[in-house]
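Participant: This is the content of protein13.txt (compact mmCIF, C-alpha atoms and all ligand atoms):
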```txt
# COMPACT_ATOMS: atom_id res chain seq x y z
CA MET A 1 -27.38 -20.64 17.40
CA LYS A 2 -27.62 -17.25 15.72
CA ILE A 3 -24.52 -15.50 14.41
CA LEU A 4 -24.49 -11.86 13.34
CA ALA A 5 -21.72 -11.26 10.78
CA ASN A 6 -21.99 -7.50 11.04
CA ASP A 7 -19.17 -6.61 8.66
CA GLY A 8 -20.01 -9.46 6.28
CA ILE A 9 -18.56 -12.94 5.85
CA SER A 10 -17.46 -14.77 2.69
CA ALA A 11 -19.99 -17.01 0.97
CA LEU A 12 -17.75 -19.97 1.82
CA GLY A 13 -17.66 -19.14 5.56
CA LYS A 14 -21.44 -18.57 5.63
CA SER A 15 -22.21 -21.83 3.84
CA LEU A 16 -19.91 -23.86 6.14
CA LEU A 17 -21.65 -22.41 9.21
CA GLU A 18 -25.12 -22.93 7.75
CA ALA A 19 -24.29 -26.52 6.80
CA ALA A 20 -23.36 -27.06 10.46
CA GLY A 21 -26.79 -25.78 11.54
CA PHE A 22 -25.96 -22.19 12.53
CA THR A 23 -28.11 -19.25 11.42
CA VAL A 24 -25.98 -16.51 9.90
CA ILE A 25 -27.39 -12.97 9.71
CA THR A 26 -25.51 -10.59 7.42
CA GLU A 27 -27.83 -7.55 7.47
CA LYS A 28 -25.68 -4.75 8.88
CA VAL A 29 -26.78 -3.35 12.24
CA ALA A 30 -25.80 0.25 13.04
CA GLN A 31 -23.17 0.48 15.77
CA GLU A 32 -25.49 2.24 18.22
CA GLU A 33 -28.18 -0.42 17.75
CA LEU A 34 -25.89 -3.41 18.10
CA ALA A 35 -26.72 -4.38 21.69
CA THR A 36 -30.48 -4.02 21.12
CA ALA A 37 -30.35 -6.15 17.96
CA VAL A 38 -28.30 -8.86 19.69
CA ASN A 39 -30.77 -9.09 22.58
CA GLU A 40 -33.97 -8.79 20.53
CA GLN A 41 -32.90 -11.37 17.94
CA GLY A 42 -31.29 -13.80 20.39
CA ILE A 43 -27.89 -13.51 18.74
CA GLU A 44 -25.14 -15.45 20.55
CA MET A 45 -22.14 -14.63 18.36
CA ILE A 46 -20.99 -11.42 16.70
CA LEU A 47 -18.48 -11.57 13.88
CA VAL A 48 -16.73 -8.34 12.88
CA ARG A 49 -13.93 -7.12 10.65
CA SER A 50 -12.53 -3.67 11.43
CA ALA A 51 -15.67 -1.51 11.08
CA THR A 52 -17.86 -2.69 13.95
CA THR A 53 -16.56 -2.21 17.48
CA VAL A 54 -17.50 -4.47 20.40
CA ARG A 55 -16.70 -2.54 23.53
CA LYS A 56 -17.28 -3.21 27.22
CA GLU A 57 -20.75 -1.56 27.04
CA VAL A 58 -21.97 -4.04 24.40
CA VAL A 59 -20.56 -6.99 26.37
CA ASP A 60 -22.32 -5.74 29.53
CA ALA A 61 -25.59 -5.10 27.70
CA CYS A 62 -25.68 -8.56 26.06
CA PRO A 63 -25.64 -11.32 28.72
CA GLY A 64 -26.49 -13.97 26.10
CA LEU A 65 -23.37 -13.26 24.05
CA LYS A 66 -21.06 -16.29 23.84
CA LEU A 67 -18.50 -15.39 21.21
CA ILE A 68 -16.96 -12.42 19.41
CA GLY A 69 -15.04 -13.29 16.24
CA ARG A 70 -12.70 -10.94 14.40
CA GLY A 71 -12.19 -11.82 10.76
CA GLY A 72 -8.58 -10.68 10.48
CA VAL A 73 -5.81 -9.88 12.90
CA GLY A 74 -5.91 -6.53 14.79
CA MET A 75 -8.39 -6.74 17.70
CA ASP A 76 -8.18 -3.09 18.74
CA ASN A 77 -11.92 -2.71 17.94
CA ILE A 78 -12.84 -5.26 20.63
CA ASP A 79 -12.39 -5.05 24.42
CA VAL A 80 -10.81 -8.50 24.37
CA ALA A 81 -9.64 -8.87 27.98
CA TYR A 82 -12.93 -7.56 29.35
CA ALA A 83 -15.04 -9.87 27.16
CA ARG A 84 -12.95 -12.91 28.18
CA GLU A 85 -13.22 -11.92 31.84
CA LYS A 86 -17.01 -12.00 31.38
CA GLY A 87 -16.84 -15.50 29.88
CA VAL A 88 -17.25 -14.46 26.22
CA GLN A 89 -14.90 -16.30 23.84
CA VAL A 90 -12.92 -14.02 21.54
CA ILE A 91 -11.31 -15.46 18.41
CA ASN A 92 -9.51 -14.05 15.35
CA THR A 93 -7.80 -15.32 12.20
CA PRO A 94 -4.31 -13.84 12.40
CA ALA A 95 -2.56 -15.40 9.40
CA SER A 96 -5.34 -15.41 6.80
CA SER A 97 -4.79 -11.94 5.37
CA SER A 98 -1.00 -11.45 5.51
CA GLN A 99 -0.41 -12.16 1.83
CA SER A 100 -3.22 -9.85 0.71
CA VAL A 101 -1.96 -6.97 2.85
CA ALA A 102 1.56 -7.56 1.51
CA GLU A 103 0.31 -7.41 -2.10
CA LEU A 104 -1.50 -4.12 -1.41
CA VAL A 105 1.74 -2.72 0.04
CA MET A 106 3.68 -3.77 -3.06
CA GLY A 107 1.00 -2.13 -5.23
CA HIS A 108 1.44 1.08 -3.27
CA LEU A 109 5.25 0.90 -3.48
CA PHE A 110 5.13 0.61 -7.28
CA ALA A 111 2.43 3.29 -7.54
CA LEU A 112 4.30 5.76 -5.30
CA SER A 113 7.44 5.29 -7.38
CA ARG A 114 5.63 6.39 -10.56
CA PHE A 115 3.14 8.94 -9.11
CA LEU A 116 0.22 6.76 -10.27
CA ASN A 117 -2.24 8.17 -7.74
CA ASP A 118 -1.76 11.81 -8.74
CA SER A 119 -1.38 10.96 -12.42
CA TYR A 120 -4.74 9.12 -12.43
CA LYS A 121 -6.39 12.13 -10.75
CA GLN A 122 -4.92 14.70 -13.18
CA MET A 123 -5.23 12.92 -16.54
CA GLU A 124 -8.87 13.81 -17.19
CA SER A 125 -8.47 17.57 -16.85
CA GLY A 126 -4.72 18.20 -17.20
CA ASP A 127 -2.59 19.01 -20.26
CA PHE A 128 -0.97 15.79 -21.52
CA SER A 129 2.50 17.26 -22.27
CA THR A 130 2.67 19.14 -18.96
CA LEU A 131 1.67 16.01 -17.05
CA LYS A 132 4.26 13.95 -18.96
CA LYS A 133 6.93 16.40 -17.70
CA ASN A 134 5.50 16.45 -14.14
CA TYR A 135 5.76 12.69 -13.79
CA ALA A 136 9.15 12.33 -15.52
CA LYS A 137 11.12 11.61 -12.33
CA GLY A 138 9.81 8.16 -11.50
CA VAL A 139 12.12 5.69 -9.79
CA GLU A 140 12.65 1.92 -9.85
CA LEU A 141 12.20 -0.44 -6.90
CA ARG A 142 14.88 -3.00 -7.81
CA GLY A 143 18.11 -2.28 -5.93
CA LYS A 144 16.45 0.08 -3.46
CA THR A 145 16.26 -0.53 0.30
CA LEU A 146 12.94 -1.17 1.98
CA GLY A 147 12.71 -0.74 5.75
CA ILE A 148 10.00 -2.93 7.25
CA ILE A 149 9.00 -1.81 10.73
CA GLY A 150 7.28 -4.66 12.57
CA PHE A 151 8.56 -7.98 11.27
CA GLY A 152 5.69 -10.32 12.15
CA ARG A 153 3.42 -12.17 9.74
CA ILE A 154 2.67 -9.25 7.38
CA GLY A 155 6.14 -7.70 7.60
CA GLN A 156 7.69 -11.03 6.61
CA SER A 157 5.23 -11.47 3.75
CA VAL A 158 6.09 -7.97 2.45
CA ALA A 159 9.78 -8.94 2.71
CA SER A 160 9.13 -12.02 0.63
CA TYR A 161 7.63 -9.94 -2.22
CA ALA A 162 10.24 -7.15 -1.93
CA LEU A 163 13.19 -9.58 -1.97
CA GLY A 164 11.60 -11.25 -4.98
CA CYS A 165 11.60 -7.85 -6.71
CA GLY A 166 15.31 -7.40 -6.01
CA MET A 167 14.92 -4.94 -3.16
CA ASN A 168 17.20 -5.00 -0.11
CA VAL A 169 15.29 -5.40 3.14
CA ILE A 170 16.05 -3.97 6.57
CA ALA A 171 13.73 -5.39 9.23
CA ILE A 172 13.00 -3.59 12.49
CA ASP A 173 11.28 -5.38 15.37
CA LYS A 174 11.32 -5.65 19.13
CA LYS A 175 12.60 -9.21 18.64
CA SER A 176 15.93 -9.84 16.91
CA ALA A 177 15.83 -13.61 16.29
CA PRO A 178 16.90 -14.48 12.70
CA ILE A 179 14.04 -15.29 10.34
CA ALA A 180 14.29 -17.35 7.16
CA VAL A 181 12.00 -15.53 4.72
CA GLN A 182 10.59 -17.93 2.10
CA ILE A 183 10.18 -16.49 -1.40
CA PRO A 184 7.88 -18.42 -3.76
CA LEU A 185 9.15 -17.57 -7.27
CA GLY A 186 6.60 -19.18 -9.54
CA ASN A 187 7.10 -22.18 -11.84
CA GLY A 188 7.60 -24.20 -8.65
CA ALA A 189 10.86 -22.43 -7.77
CA SER A 190 11.55 -20.85 -4.41
CA ALA A 191 14.30 -19.16 -2.46
CA SER A 192 15.00 -18.40 1.17
CA VAL A 193 16.78 -15.37 2.61
CA GLU A 194 17.75 -15.00 6.26
CA ILE A 195 16.93 -11.64 7.80
CA ILE A 196 18.06 -10.58 11.26
CA PRO A 197 15.76 -7.82 12.53
CA SER A 198 17.35 -4.80 14.13
CA THR A 199 15.84 -3.48 17.36
CA SER A 200 17.00 0.09 16.78
CA LEU A 201 14.77 1.98 14.37
CA SER A 202 16.59 5.28 14.80
CA GLU A 203 19.98 3.78 13.85
CA ARG A 204 18.68 2.33 10.57
CA LEU A 205 16.18 4.95 9.36
CA GLY A 206 18.77 6.83 7.30
CA GLU A 207 19.46 3.73 5.14
CA MET A 208 15.90 3.27 3.90
CA ASP A 209 14.60 4.44 0.50
CA TYR A 210 11.14 3.06 1.28
CA ILE A 211 9.45 2.28 4.58
CA SER A 212 6.44 0.07 5.23
CA ILE A 213 5.09 -0.19 8.76
CA HIS A 214 3.48 -3.37 10.13
CA VAL A 215 3.24 -2.97 13.89
CA PRO A 216 -0.09 -3.32 15.73
CA LYS A 217 -1.76 -0.28 17.24
CA GLN A 218 0.52 0.51 20.17
CA ALA A 219 -0.96 -0.20 23.62
CA ASP A 220 -0.47 3.42 24.71
CA GLY A 221 -1.75 4.75 21.37
CA SER A 222 1.62 6.35 20.58
CA ALA A 223 2.99 6.87 17.07
CA VAL A 224 6.00 4.79 16.02
CA ILE A 225 6.81 7.38 13.34
CA ALA A 226 6.61 11.04 14.33
CA ALA A 227 8.72 14.20 13.84
CA GLU A 228 11.82 12.70 15.50
CA GLN A 229 11.80 9.71 13.14
CA PHE A 230 10.97 11.78 10.02
CA ALA A 231 14.02 13.96 10.77
CA LYS A 232 16.30 10.88 10.66
CA MET A 233 14.96 9.55 7.35
CA LYS A 234 16.68 9.88 3.99
CA LYS A 235 15.37 12.92 2.10
CA GLY A 236 12.89 11.75 -0.53
CA VAL A 237 11.89 8.55 1.28
CA ARG A 238 8.54 6.95 0.36
CA LEU A 239 6.29 5.48 3.04
CA VAL A 240 3.35 3.07 3.31
CA ASN A 241 1.02 2.62 6.28
CA ALA A 242 -1.25 -0.42 5.97
CA ALA A 243 -1.06 -1.16 9.72
CA ARG A 244 -3.28 1.10 11.83
CA GLY A 245 -4.15 4.76 11.89
CA GLY A 246 -2.05 6.57 14.47
CA VAL A 247 1.13 4.48 14.16
CA ILE A 248 2.31 7.35 11.94
CA ASN A 249 1.54 10.82 13.35
CA GLU A 250 -0.65 12.40 10.63
CA ASP A 251 0.26 16.03 11.44
CA HIS A 252 3.97 15.23 11.34
CA LEU A 253 3.51 13.27 8.12
CA LEU A 254 1.93 16.28 6.40
CA SER A 255 4.82 18.52 7.52
CA ALA A 256 7.38 15.98 6.25
CA LEU A 257 5.60 15.77 2.88
CA ASN A 258 5.32 19.54 2.55
CA SER A 259 8.99 20.06 3.39
CA GLY A 260 10.07 17.45 0.80
CA GLN A 261 11.61 15.17 3.46
CA VAL A 262 9.07 12.53 2.37
CA ALA A 263 8.48 12.23 -1.40
CA GLY A 264 5.26 10.25 -1.18
CA CYS A 265 3.10 8.26 1.18
CA ALA A 266 0.39 5.64 0.78
CA LEU A 267 -2.21 5.23 3.50
CA ASP A 268 -4.65 2.35 3.81
CA VAL A 269 -5.50 3.20 7.42
CA PHE A 270 -6.34 6.45 9.18
CA GLU A 271 -6.62 7.88 12.67
CA ASN A 272 -10.22 8.91 12.26
CA GLU A 273 -11.79 6.00 10.37
CA PRO A 274 -14.29 5.98 8.76
CA ASN A 275 -13.94 9.76 8.35
CA PRO A 276 -10.28 10.44 7.55
CA ARG A 277 -9.21 14.06 7.46
CA LYS A 278 -9.68 15.76 4.10
CA ASP A 279 -6.18 17.27 3.90
CA LEU A 280 -4.74 13.76 3.78
CA LEU A 281 -7.18 12.58 1.10
CA SER A 282 -6.57 15.56 -1.17
CA HIS A 283 -2.78 15.81 -0.76
CA PRO A 284 -1.04 15.32 -4.13
CA LYS A 285 1.75 13.25 -2.56
CA ILE A 286 -0.58 10.91 -0.66
CA ALA A 287 -2.22 7.85 -2.20
CA CYS A 288 -5.18 6.58 -0.21
CA THR A 289 -7.10 3.31 -0.08
CA PRO A 290 -10.07 2.74 2.26
CA HIS A 291 -8.64 0.09 4.62
CA ILE A 292 -8.67 -2.69 2.03
CA GLY A 293 -5.52 -4.59 3.02
CA ALA A 294 -7.40 -7.84 3.60
CA ALA A 295 -10.11 -7.18 1.03
CA THR A 296 -9.39 -9.91 -1.49
CA VAL A 297 -11.54 -12.88 -2.44
CA GLU A 298 -8.79 -15.25 -1.33
CA ALA A 299 -8.17 -13.64 2.08
CA GLN A 300 -11.90 -13.37 2.82
CA ASP A 301 -12.41 -17.03 1.90
CA ARG A 302 -9.54 -18.06 4.20
CA ILE A 303 -10.95 -15.84 6.97
CA GLY A 304 -14.52 -17.16 6.57
CA GLU A 305 -13.32 -20.76 6.51
CA GLU A 306 -11.12 -20.30 9.59
CA LEU A 307 -13.88 -18.56 11.55
CA ALA A 308 -16.34 -21.33 10.64
CA ASP A 309 -13.83 -24.03 11.71
CA LEU A 310 -13.15 -22.29 15.03
CA ILE A 311 -16.87 -21.86 15.78
CA ILE A 312 -17.81 -25.41 14.80
CA THR A 313 -14.91 -26.76 16.91
CA ALA A 314 -15.95 -24.67 19.91
CA PHE A 315 -19.73 -25.20 19.79
CA GLY A 316 -20.14 -28.38 17.73
CA LYS A 317 -22.52 -28.94 14.82
CA GLN A 318 -26.05 -27.75 15.56
CA ASN A 319 -27.86 -30.30 13.39
P1 LIG A 401 2.17 -9.67 14.06
O1 LIG A 401 1.79 -9.71 15.50
O2 LIG A 401 2.48 -10.97 13.38
O3 LIG A 401 3.46 -8.72 13.86
C1 LIG A 401 3.61 -7.46 14.46
C2 LIG A 401 5.09 -7.28 14.78
O4 LIG A 401 5.30 -5.92 15.18
C3 LIG A 401 5.59 -8.17 15.93
O5 LIG A 401 6.69 -8.95 15.49
C4 LIG A 401 5.97 -7.17 17.04
O6 LIG A 401 7.10 -7.60 17.79
C5 LIG A 401 6.29 -5.92 16.21
N1 LIG A 401 6.18 -4.66 16.94
C6 LIG A 401 5.15 -4.21 17.71
N2 LIG A 401 5.40 -2.95 18.14
C7 LIG A 401 6.60 -2.60 17.61
C8 LIG A 401 7.39 -1.42 17.68
N3 LIG A 401 7.00 -0.36 18.37
N4 LIG A 401 8.57 -1.40 17.02
C9 LIG A 401 9.00 -2.49 16.33
N5 LIG A 401 8.29 -3.63 16.21
C10 LIG A 401 7.10 -3.69 16.86
O7 LIG A 401 1.02 -8.91 13.32
P2 LIG A 401 0.68 -8.95 11.75
O8 LIG A 401 -0.22 -10.09 11.43
O9 LIG A 401 1.93 -8.81 10.96
O10 LIG A 401 -0.22 -7.63 11.63
C11 LIG A 401 0.31 -6.35 11.92
C12 LIG A 401 -0.79 -5.31 11.96
O11 LIG A 401 -1.28 -5.10 10.66
C13 LIG A 401 -2.05 -5.73 12.73
O12 LIG A 401 -1.91 -5.53 14.12
C14 LIG A 401 -3.11 -4.85 12.14
O13 LIG A 401 -3.20 -3.65 12.91
C15 LIG A 401 -2.57 -4.54 10.75
N6 LIG A 401 -3.42 -5.10 9.67
C16 LIG A 401 -3.94 -4.24 8.76
C17 LIG A 401 -4.75 -4.74 7.72
C18 LIG A 401 -5.34 -3.83 6.66
O14 LIG A 401 -6.40 -4.13 6.14
N7 LIG A 401 -4.68 -2.76 6.30
C19 LIG A 401 -5.04 -6.11 7.65
C20 LIG A 401 -4.48 -6.95 8.60
C21 LIG A 401 -3.68 -6.44 9.61
```
Using the file provided, produce a representation of the structure as structure tokens.

Facilitator:
Amino acid sequence: MKILANDGISALGKSLLEAAGFTVITEKVAQEELATAVNEQGIEMILVRSATTVRKEVVDACPGLKLIGRGGVGMDNIDVAYAREKGVQVINTPASSSQSVAELVMGHLFALSRFLNDSYKQMESGDFSTLKKNYAKGVELRGKTLGIIGFGRIGQSVASYALGCGMNVIAIDKKSAPIAVQIPLGNGASASVEIIPSTSLSERLGEMDYISIHVPKQADGSAVIAAEQFAKMKKGVRLVNAARGGVINEDHLLSALNSGQVAGCALDVFENEPNPRKDLLSHPKIACTPHIGAATVEAQDRIGEELADLIITAFGKQN
């Protein structure tokens, strides 16, 4: 069986599939040529990350398609229900990347606190003494309060790192069941802290020094953070969005940054990927990364291995 891994697959995942007799194609096919390539090459499975979309039209155009696999968690780039209705299996690897996304968030929290993004950009051309003064008002994370909106796998992993750094955590979720967050401390030590998520974002926003959002793309496409929520935040709050473009309203974010309500924001995801708006990219108070939350060697190995296991379990070894 032929598998097209259109957004790539780790060497480990590819070798496991090949050892089981599958053919794995990793040459990228342009989005508009996807259906033609699948049909012409007799491809029965498409594996994607977040770049390639597999919509209803591709499913309809490819009657030989048996499986769509998403390396990662969010499946908003696939018409999942429609594909399943048409008998195409759809799989993903929800837990494999949580730790990597959480580490990126922590990197952004530290960087926002010390203006690293803007400082990096200015150092080559700016005056050293002026820059030293401009970045003199950094802040520490320890003792500050982090609000985590969306307390699922990634939210809990972020909590584990933040608690380990001595931050206080307020969790917001639709579900309020208590969660014991495990904190690996190194040298074999560990700790556990119980967090009870609050279901009312608006009541807790004013307590947060930092906010990191980890909800999926909302079914109706609405923003979870927009003008109404920005108005309730503590002045000078710092924000991270490594969830999905659109869960923070980008226009309202720019207004909140320009008014000083928000001191800094890090974005790993954008409404208009892969062409995010330029005023976000060039804003001195915004630090951007190109949707790399899950882009670590470890996460990609876990994803590749899990995809290979799921495919081999579903279709059996081919040799
Ligand atoms: P998850 O399903 O484990 O957790 C999401 C949580 O959000 C759930 O507990 C849910 O109840 C809660 N939630 C949903 N809507 C909410 C709302 N309006 N208010 C409060 N809580 C709400 O998912 P996860 O594995 O933690 O992943 C979260 C999202 O992160 C994914 O859907 C994906 O979009 C994104 N993600 C991004 C990257 C990246 O590269 N930046 C990588 C992986 C995942």

Participant: Identify which of the residues A:Leu239, A:Met106, A:Ala83, A:Ala30 lies closest to Leu67 (chain A), counting only C-alpha atoms when measuring atom-to-atom distances.

Facilitator: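 Looking only at the distances to Leu67 (chain A), the closest residue turns out to be A:Ala83.
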
Participant: Around ligand LIG 401 (chain A), out to 6 Å and counting only C-alpha atoms and all ligand atoms, which residues are there? I want them as a PyMOL selection string.

Facilitator: chain A and resi 72-74+94+97+101+149-155+172-175+214-217+224+242-244+268+291-294

Participant: What does the structure give for the distance between CA of Glu250 (chain A) and CA of Lys234 (chain A), in Å to one decimal?

Facilitator: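 These atoms are spaced 18.7 Å apart.
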
Participant: What separation in Å, quoted to one decimal, exists between CA of Ile148 (chain A) and CA of Glu203 (chain A)?

Facilitator: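 CA of Ile148 (chain A) sits 13.7 Å away from CA of Glu203 (chain A).
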
Participant: Could you please determine the separation between CA of Asp301 (chain A) and CA of Ala11 (chain A) in Å, to one decimal place?

Facilitator: 7.6 Å

Participant: Residues at most 12 Å from region 277-281 of chain A, counting all atoms listed in the file, excluding those fewer than 2 positions away in the same chain, as a PyMOL selection string?

Facilitator: chain A and resi 117-118+121+245+249-255+257-258+264-275+283-290

Participant: With 6 Å on each side, where is the centre of the axis-aligned box around all listed atoms of region 240-245 of chain A, and how long are its edges in Å to one decimal, as JSON?

Facilitator:
```
{"center_x": -0.4, "center_y": 1.8, "center_z": 7.6, "size_x": 19.5, "size_y": 17.9, "size_z": 20.6}
```

Participant: For Leu141 (chain A), work out the shell of residues within 8 Å, counting all atoms listed in the file and skipping chain neighbours fewer than 2 positions away, then give it as a VMD selection string.

Facilitator: chain A and resid 109 to 110 113 139 143 to 144 165 to 167

Participant: Compare A:Ala37, A:Ala20, A:Ala171, A:Gln156 by their minimum atom-to-atom distance to Val58 (chain A), counting all atoms listed in the file, and give me the closest one.

Facilitator: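 So, comparing all the options, the nearest one is A:Ala37.
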
Participant: Let me make sure I understand: among A:Ser259, A:Ser125, A:Ser50, A:Ser10, which one has the smallest atom-to-atom distance to Glu306 (chain A) if we use only C-alpha atoms?

Facilitator: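 The answer is A:Ser10, which sits nearest to Glu306 (chain A).
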
Participant: Smallest atom-to-atom distance to Tyr161 (chain A): which of A:Ser190, A:Ser119, A:Asn134, A:Gln41, using all atoms listed in the file?

Facilitator: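 Among the listed residues, A:Ser190 lies closest to Tyr161 (chain A).
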
Participant: Give me, as number ranges by chain, all polymer residues having an atom no more than 7 Å from Thr26 (chain A), counting only C-alpha atoms and skipping those fewer than 3 positions away in the same chain.

Facilitator: A: 4-6, 8

Participant: What's around Ala19 (chain A) at 12 Å? Count only C-alpha atoms, leave out sequence neighbours fewer than 5 positions away in its own chain, and write the answer as a list in words.

Facilitator: Ala11, Leu12, Gly13, Lys14, Val24, Ala308, Asp309, Ile312, Gly316, Lys317, Gln318 and Asn319 of chain A

Participant: Write out the residues from the selection above, keeping C-alpha atoms, as a compact mmCIF listing (two decimals), in the frame of the given file.

Facilitator:
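Printed below is out35.txt as written:
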```
# COMPACT_ATOMS: atom_id res chain seq x y z
CA ALA A 11 -19.99 -17.01 0.97
CA LEU A 12 -17.75 -19.97 1.82
CA GLY A 13 -17.66 -19.14 5.56
CA LYS A 14 -21.44 -18.57 5.63
CA VAL A 24 -25.98 -16.51 9.90
CA ALA A 308 -16.34 -21.33 10.64
CA ASP A 309 -13.83 -24.03 11.71
CA ILE A 312 -17.81 -25.41 14.80
CA GLY A 316 -20.14 -28.38 17.73
CA LYS A 317 -22.52 -28.94 14.82
CA GLN A 318 -26.05 -27.75 15.56
CA ASN A 319 -27.86 -30.30 13.39
```

Participant: Between A:Leu112, A:Ala61, A:Ile25, A:Leu131, which residue has the minimum interatomic distance to Ala263 (chain A), considering only C-alpha atoms?

Facilitator: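 Of A:Leu112, A:Ala61, A:Ile25, A:Leu131, the one nearest Ala263 (chain A) is A:Leu112, counting only C-alpha atoms.
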
Participant: Give the answer as one residue: which of A:Arg49, A:Arg84, A:Arg142, A:Lys28 has the shortest atom-to-atom distance to Asp209 (chain A), using all atoms listed in the file?

Facilitator: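 That would be A:Arg142, the residue with the smallest distance to Asp209 (chain A).
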
Participant: Mind filling out region 137-143 of chain A with all heavy atoms and sending it as a CSV table (one decimal), in the coordinates of the input?

Facilitator:
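Produced file selection.csv, reproduced below:
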```csv
chain,number,residue,atom,x,y,z
A,137,LYS,N,10.0,12.0,-13.3
A,137,LYS,CA,11.1,11.6,-12.3
A,137,LYS,C,10.7,10.4,-11.5
A,137,LYS,O,11.0,10.3,-10.3
A,137,LYS,CB,11.5,12.8,-11.4
A,137,LYS,CG,12.1,14.0,-12.1
A,137,LYS,CD,13.6,13.9,-11.9
A,137,LYS,CE,14.4,14.8,-12.9
A,137,LYS,NZ,14.3,16.2,-12.6
A,138,GLY,N,10.1,9.4,-12.2
A,138,GLY,CA,9.8,8.2,-11.5
A,138,GLY,C,11.1,7.4,-11.1
A,138,GLY,O,12.2,7.8,-11.6
A,139,VAL,N,11.0,6.5,-10.2
A,139,VAL,CA,12.1,5.7,-9.8
A,139,VAL,C,11.8,4.2,-9.8
A,139,VAL,O,10.6,3.8,-9.8
A,139,VAL,CB,12.6,6.1,-8.4
A,139,VAL,CG1,13.3,7.4,-8.4
A,139,VAL,CG2,11.4,6.1,-7.4
A,140,GLU,N,12.8,3.4,-9.8
A,140,GLU,CA,12.6,1.9,-9.8
A,140,GLU,C,12.8,1.3,-8.4
A,140,GLU,O,13.5,1.9,-7.6
A,140,GLU,CB,13.7,1.3,-10.7
A,140,GLU,CG,13.6,1.7,-12.2
A,140,GLU,CD,14.8,1.2,-13.0
A,140,GLU,OE1,15.8,0.7,-12.5
A,140,GLU,OE2,14.6,1.2,-14.3
A,141,LEU,N,12.1,0.2,-8.2
A,141,LEU,CA,12.2,-0.4,-6.9
A,141,LEU,C,13.4,-1.3,-6.8
A,141,LEU,O,14.1,-1.4,-5.7
A,141,LEU,CB,11.0,-1.3,-6.7
A,141,LEU,CG,9.6,-0.7,-6.4
A,141,LEU,CD1,8.6,-1.8,-6.0
A,141,LEU,CD2,9.7,0.3,-5.3
A,142,ARG,N,13.8,-2.0,-7.9
A,142,ARG,CA,14.9,-3.0,-7.8
A,142,ARG,C,16.2,-2.3,-7.4
A,142,ARG,O,16.5,-1.2,-7.9
A,142,ARG,CB,15.0,-3.7,-9.2
A,142,ARG,CG,16.1,-4.8,-9.1
A,142,ARG,CD,16.0,-5.7,-10.3
A,142,ARG,NE,14.9,-6.6,-10.2
A,142,ARG,CZ,14.4,-7.3,-11.2
A,142,ARG,NH1,14.9,-7.2,-12.4
A,142,ARG,NH2,13.3,-8.1,-11.0
A,143,GLY,N,16.8,-2.9,-6.4
A,143,GLY,CA,18.1,-2.3,-5.9
A,143,GLY,C,17.9,-1.3,-4.8
A,143,GLY,O,18.9,-0.9,-4.2
```
